[in-house]
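Here is the structure we will look at, set down as C-alpha cells.
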There are 2 protein chains.
Amino acid sequence: MQIAVVQHAAPTDPGALPRETVEGIHEAAAAGAKLILLPELHNGPYFCIEQDPSRFELAEPVPGPTTDGLGVLAARLGVVIVGSVFERRLEGVFHNTAVVLDADGRLAGAYRKMHVPEDPGFHEKFYFAPGDQGFVPVDTHAGRLGVLVCWDQWFPEAARLMALRGAQLLLYPSAIGWDPLDTEAEQARQVEAWTTVQRGHAIANQLPVAVSNRVGLEVSGSAEIRFWGRSFICGPQGEMLAVAPESPAVIHAEIDMARTPRLRRQWPFLRDRRIDAYAGLLTLDGALSTPRRPPGAS
Amino acid sequence: MQIAVVQHAAPTDPGALPRETVEGIHEAAAAGAKLILLPELHNGPYFCIEQDPSRFELAEPVPGPTTDGLGVLAARLGVVIVGSVFERRLEGVFHNTAVVLDADGRLAGAYRKMHVPEDPGFHEKFYFAPGDQGFVPVDTHAGRLGVLVCWDQWFPEAARLMALRGAQLLLYPSAIGWDPLDTEAEQARQVEAWTTVQRGHAIANQLPVAVSNRVGLEVSGSAEIRFWGRSFICGPQGEMLAVAPESPAVIHAEIDMARTPRLRRQWPFLRDRRIDAYAGLLTLDGALSTPRRPPGAS
C-alpha cells in the first residue's frame, strides 16, 4: 500500500478546505497514495503561539465543515484521509482532534489529543481539554490506524497502547518548530530527537510510522515559531523510507503490512512484556500506588 | 562525569576476572572514567546459543567470585563498575543479573533481567528465570543508576519505570549479534534499530544512555552468532557521544547530569503522562482488564 504525507505551511486562505490542503491531497492521490496524512491544525494558523480568547472563534464541530469537505475529497479520490481539527465539543470544551475520513467519505473515527503541551509558543493547555477517550485505533479501508497527535509522539505509552490494540500503522499530525532563540546546534539536536523518538516507537512496536509536520515561520504578536517540516515515513524497523525538506512537500512510501507479523515472530517483543511489573507506570513517580494524603500530611 | 564502556569478545580465560575485563577496566579508569560498564555475561562464553544443561555449571552466587573480584578492582581504582553475572540464586533458579560495585568496592545492588528472550541463538528462557524484583535503580557514588540488561532495551516500559524512580543514567550490558543467514541489508537494519530504540529511551526520558555489547564470533555446536559490538553512549537528547566499532574497544564520554533537569523544564514530558489512561499497559493486548475465563469459554 502506498501512503503519502502532505507537509504544508499555514494556509493563505484559512477555512474548511484551504488550497494547500486540497492541492496536497490531489497530488498524493494522483501519485497512487491510498492513505494521506495532513499536518496538525492544517486548515488555519497555529494559533497556540499565544493565549488569546478570541481564537476560540476558529473552532468547529466534528462532524463539521472540515470533515464534510475532507469526506467529499476522500470519496471522490477513493483515499483515506487523516486530518486535524480545532474541535468545539461543547461551549467551554474544545479539543485538538485528529479526524479519519474513510475511502467512501464516511467519518470513520476521531482521536482527541490525550497529551497536551503547554510551554512557550505552544499554549495548548489554554485551548484544548485533554482527550477523555483514550487510545483507540480507527478501522478504515487502509487498515487499522493508530492516530495520535504531535506531543503524543514523546510518549511511548501512547504508541504501545495503539499497537496492543491492533493498530497496523502509527500516524502523527504534528506542529513542531524552533524557538528562534535556540542555537543551531540545539535546533539540530531537537529535530534529530523528534525523528529518533518516533522511529523508536516504530521499532518497539514493529509498526510503520508516518509523521506530517507544519513548515514555515508563523508569527503571533511578539512570539514566533519556525516550523521545521521534515515530515517522514519509516518502516517497522525504524528504517527511513521518505523524508521531507524544510519546505512544502508531498512524500510517499510503499508500506508492506505483512512485515509486522513477520518481525513479531522473529523478535517476539510483545510476548515478553512484564505486565506483572508495570503497575508503576500508572503513577507520576513510578510508585506502586498513589498516596491518598498530600505529601507531608501525617 | 566521565563514563566508559568496555566492549570485548568472549574471554580466552573464562573466570571471575578474565584478562579482557580487567584490561578494559584499567584502560577506562586510567583515562579518567568514574563509571565503567561491561558487556553482558562478560566473564565467559555466551552459552545461550544452545540449550545445554551442562552449562548451568558456569553459574555462581551473588555476591560471589565475580562480584568479589570486581569489588576489589572498583575500590582500588575508585570507580563504579557495572558488570553482569550468570547468577545461581538457588538450585533450579538462575538469573541473568547485572551487578553494581560502588567506588568503595561494596556491592551496591543488582538487577535481575526482567525481560528474557528465547529465539534461535538466544535461548535465555531455558537458563534464566525472569527477575521478580522489578525495575529499581541502584544508588552509587556515580549517581542513581537505571541498570537494565539487553532484551530489556526493546521495552520502553522498563526505561520509563527506571526514569520515574529517579535513575540519572540508563545502562544496558548487552549480547546481541547477527544470525549468519541474515542478509547484509537486514543486518544493517538490525544494528540501526537496536541503536535507535535505545536512543529513543534517552529522548523520551531525557536521560543519558550507555550500552556495552559483546563483539566477535561465538560458536556453540552447529549454531553461531556474530556479536556486532557498536557499543555506544548517548546524551539525554539521544545525541551520540561515542560509538565503538565491530572490534574490542573502550569508549568514553563526558556526561553532564545537570542537563536532565534543564531538559525536563524545557520540554516537560513527564508532567503530562496520562496515568488515568494507561491501565491497558498492564495487559498483553491493551484490554482494560484481563478476562478471568479462557477465550471462548461461555
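Residues are named by chain letter and number: chains run A, B, ... in the order of the C-alpha cells, numbers start at 1 in each chain, and ligands are numbered from 1 in the order shown.
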Distance filter 7 Å, only C-alpha atoms, chain B against chain A, as number ranges by chain: B: 115, 134, 154-156, 161, 164-165, 189, 193, 196-197, 200, 203-204, 237-239, 269, 272-275, 277-283, 285-286
Residues within 9 Å of B:Val79, only C-alpha atoms, excluding chain neighbours under 4 positions, as number ranges by chain: B: 29, 33-36, 73-75, 101-105, 141-142
Pick out each residue of stretch 145-192 of chain B that DSSP on the backbone tags as strand (DSSP E); I need them as number ranges by chain. B: 145-147, 169-174, 177-178
Saved selection, atoms kept: all heavy atoms, as a PDB file, in the first residue's frame:
ATOM      1  N   LEU B 145      21.660   4.774  39.310  1.00  0.00           N
ATOM      2  CA  LEU B 145      21.813   4.106  38.019  1.00  0.00           C
ATOM      3  C   LEU B 145      20.611   3.223  37.674  1.00  0.00           C
ATOM      4  O   LEU B 145      20.223   2.354  38.468  1.00  0.00           O
ATOM      5  CB  LEU B 145      23.078   3.239  38.036  1.00  0.00           C
ATOM      6  CG  LEU B 145      24.370   3.940  38.465  1.00  0.00           C
ATOM      7  CD1 LEU B 145      25.540   2.960  38.375  1.00  0.00           C
ATOM      8  CD2 LEU B 145      24.619   5.187  37.629  1.00  0.00           C
ATOM      9  N   GLY B 146      20.063   3.437  36.507  1.00  0.00           N
ATOM     10  CA  GLY B 146      18.992   2.581  35.994  1.00  0.00           C
ATOM     11  C   GLY B 146      19.610   1.462  35.180  1.00  0.00           C
ATOM     12  O   GLY B 146      19.800   1.596  33.975  1.00  0.00           O
ATOM     13  N   VAL B 147      19.942   0.371  35.858  1.00  0.00           N
ATOM     14  CA  VAL B 147      20.634  -0.740  35.200  1.00  0.00           C
ATOM     15  C   VAL B 147      19.599  -1.718  34.655  1.00  0.00           C
ATOM     16  O   VAL B 147      18.767  -2.228  35.400  1.00  0.00           O
ATOM     17  CB  VAL B 147      21.578  -1.463  36.175  1.00  0.00           C
ATOM     18  CG1 VAL B 147      22.277  -2.617  35.479  1.00  0.00           C
ATOM     19  CG2 VAL B 147      22.592  -0.480  36.760  1.00  0.00           C
ATOM     20  N   LEU B 169      20.758   7.839  34.800  1.00  0.00           N
ATOM     21  CA  LEU B 169      21.512   7.278  33.682  1.00  0.00           C
ATOM     22  C   LEU B 169      20.906   5.902  33.437  1.00  0.00           C
ATOM     23  O   LEU B 169      20.575   5.206  34.379  1.00  0.00           O
ATOM     24  CB  LEU B 169      22.956   7.119  34.150  1.00  0.00           C
ATOM     25  CG  LEU B 169      24.131   7.060  33.232  1.00  0.00           C
ATOM     26  CD1 LEU B 169      24.282   8.353  32.454  1.00  0.00           C
ATOM     27  CD2 LEU B 169      25.402   6.825  34.059  1.00  0.00           C
ATOM     28  N   LEU B 170      20.739   5.509  32.166  1.00  0.00           N
ATOM     29  CA  LEU B 170      20.297   4.152  31.842  1.00  0.00           C
ATOM     30  C   LEU B 170      21.482   3.372  31.284  1.00  0.00           C
ATOM     31  O   LEU B 170      22.215   3.883  30.430  1.00  0.00           O
ATOM     32  CB  LEU B 170      19.159   4.185  30.808  1.00  0.00           C
ATOM     33  CG  LEU B 170      17.882   4.910  31.237  1.00  0.00           C
ATOM     34  CD1 LEU B 170      16.892   4.979  30.070  1.00  0.00           C
ATOM     35  CD2 LEU B 170      17.231   4.221  32.435  1.00  0.00           C
ATOM     36  N   LEU B 171      21.662   2.147  31.777  1.00  0.00           N
ATOM     37  CA  LEU B 171      22.825   1.330  31.400  1.00  0.00           C
ATOM     38  C   LEU B 171      22.358  -0.053  30.949  1.00  0.00           C
ATOM     39  O   LEU B 171      21.564  -0.685  31.649  1.00  0.00           O
ATOM     40  CB  LEU B 171      23.759   1.169  32.605  1.00  0.00           C
ATOM     41  CG  LEU B 171      24.288   2.477  33.200  1.00  0.00           C
ATOM     42  CD1 LEU B 171      24.971   2.196  34.539  1.00  0.00           C
ATOM     43  CD2 LEU B 171      25.256   3.142  32.239  1.00  0.00           C
ATOM     44  N   TYR B 172      22.852  -0.493  29.802  1.00  0.00           N
ATOM     45  CA  TYR B 172      22.452  -1.783  29.243  1.00  0.00           C
ATOM     46  C   TYR B 172      23.665  -2.654  28.900  1.00  0.00           C
ATOM     47  O   TYR B 172      24.234  -2.517  27.822  1.00  0.00           O
ATOM     48  CB  TYR B 172      21.654  -1.585  27.952  1.00  0.00           C
ATOM     49  CG  TYR B 172      20.314  -0.906  28.097  1.00  0.00           C
ATOM     50  CD1 TYR B 172      20.187   0.477  27.984  1.00  0.00           C
ATOM     51  CD2 TYR B 172      19.152  -1.646  28.314  1.00  0.00           C
ATOM     52  CE1 TYR B 172      18.940   1.100  28.087  1.00  0.00           C
ATOM     53  CE2 TYR B 172      17.909  -1.032  28.416  1.00  0.00           C
ATOM     54  CZ  TYR B 172      17.810   0.341  28.299  1.00  0.00           C
ATOM     55  OH  TYR B 172      16.589   0.954  28.399  1.00  0.00           O
ATOM     56  N   PRO B 173      24.088  -3.579  29.787  1.00  0.00           N
ATOM     57  CA  PRO B 173      25.007  -4.626  29.331  1.00  0.00           C
ATOM     58  C   PRO B 173      24.254  -5.491  28.313  1.00  0.00           C
ATOM     59  O   PRO B 173      23.086  -5.841  28.558  1.00  0.00           O
ATOM     60  CB  PRO B 173      25.306  -5.437  30.594  1.00  0.00           C
ATOM     61  CG  PRO B 173      24.694  -4.667  31.735  1.00  0.00           C
ATOM     62  CD  PRO B 173      23.659  -3.770  31.179  1.00  0.00           C
ATOM     63  N   SER B 174      24.882  -5.796  27.181  1.00  0.00           N
ATOM     64  CA  SER B 174      24.173  -6.468  26.087  1.00  0.00           C
ATOM     65  C   SER B 174      24.999  -7.568  25.457  1.00  0.00           C
ATOM     66  O   SER B 174      26.230  -7.591  25.560  1.00  0.00           O
ATOM     67  CB  SER B 174      23.822  -5.461  24.990  1.00  0.00           C
ATOM     68  OG  SER B 174      22.969  -4.473  25.479  1.00  0.00           O
ATOM     69  N   GLY B 177      23.786  -9.999  18.397  1.00  0.00           N
ATOM     70  CA  GLY B 177      24.568 -10.197  17.185  1.00  0.00           C
ATOM     71  C   GLY B 177      23.700 -10.728  16.074  1.00  0.00           C
ATOM     72  O   GLY B 177      22.481 -10.873  16.223  1.00  0.00           O
ATOM     73  N   TRP B 178      24.363 -11.002  14.956  1.00  0.00           N
ATOM     74  CA  TRP B 178      23.648 -11.432  13.765  1.00  0.00           C
ATOM     75  C   TRP B 178      23.608 -12.940  13.637  1.00  0.00           C
ATOM     76  O   TRP B 178      24.577 -13.637  13.939  1.00  0.00           O
ATOM     77  CB  TRP B 178      24.335 -10.893  12.516  1.00  0.00           C
ATOM     78  CG  TRP B 178      24.334  -9.415  12.400  1.00  0.00           C
ATOM     79  CD1 TRP B 178      23.242  -8.607  12.330  1.00  0.00           C
ATOM     80  CD2 TRP B 178      25.480  -8.559  12.315  1.00  0.00           C
ATOM     81  NE1 TRP B 178      23.643  -7.290  12.210  1.00  0.00           N
ATOM     82  CE2 TRP B 178      25.004  -7.236  12.193  1.00  0.00           C
ATOM     83  CE3 TRP B 178      26.855  -8.775  12.327  1.00  0.00           C
ATOM     84  CZ2 TRP B 178      25.861  -6.148  12.087  1.00  0.00           C
ATOM     85  CZ3 TRP B 178      27.703  -7.693  12.223  1.00  0.00           C
ATOM     86  CH2 TRP B 178      27.213  -6.392  12.106  1.00  0.00           C
TER      87      TRP B 178
END
Hey, what's within 12 Å of B:Gly71 if we count only C-alpha atoms and toss same-chain stuff fewer than 4 positions away? As an MDAnalysis selection string, please? chainID B and resid 16:17 22 25 62:67 75:83 99:109
Can you list, as a PyMOL selection string, all residues belonging to stretch 26-252 of chain B that DSSP tags as helix (DSSP H, G or I)? chain B and resi 26-30+47-49+53-58+65-77+124-127+150-154+156-164+184-205
Rank B:Gly32, B:Phe56, B:Val93, B:Leu207 by their smallest atom-to-atom distance to B:Gln2, using only C-alpha atoms, and report the top residue only.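 With only C-alpha atoms as the atom set, the closest residue is B:Gly32.
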Might you pull out every residue within 10 Å of A:His123, with only C-alpha atoms counted and same-chain residues fewer than 6 positions away left off, and present them as number ranges by chain? A: 47-52, 116-117
Could you check the closest approach to A:Lys125 for each of A:Gln168, A:Ser289, A:Thr21, A:Asn96 and tell me which residue wins, using only C-alpha atoms?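 Among A:Gln168, A:Ser289, A:Thr21, A:Asn96, it is A:Asn96 that comes nearest to A:Lys125.
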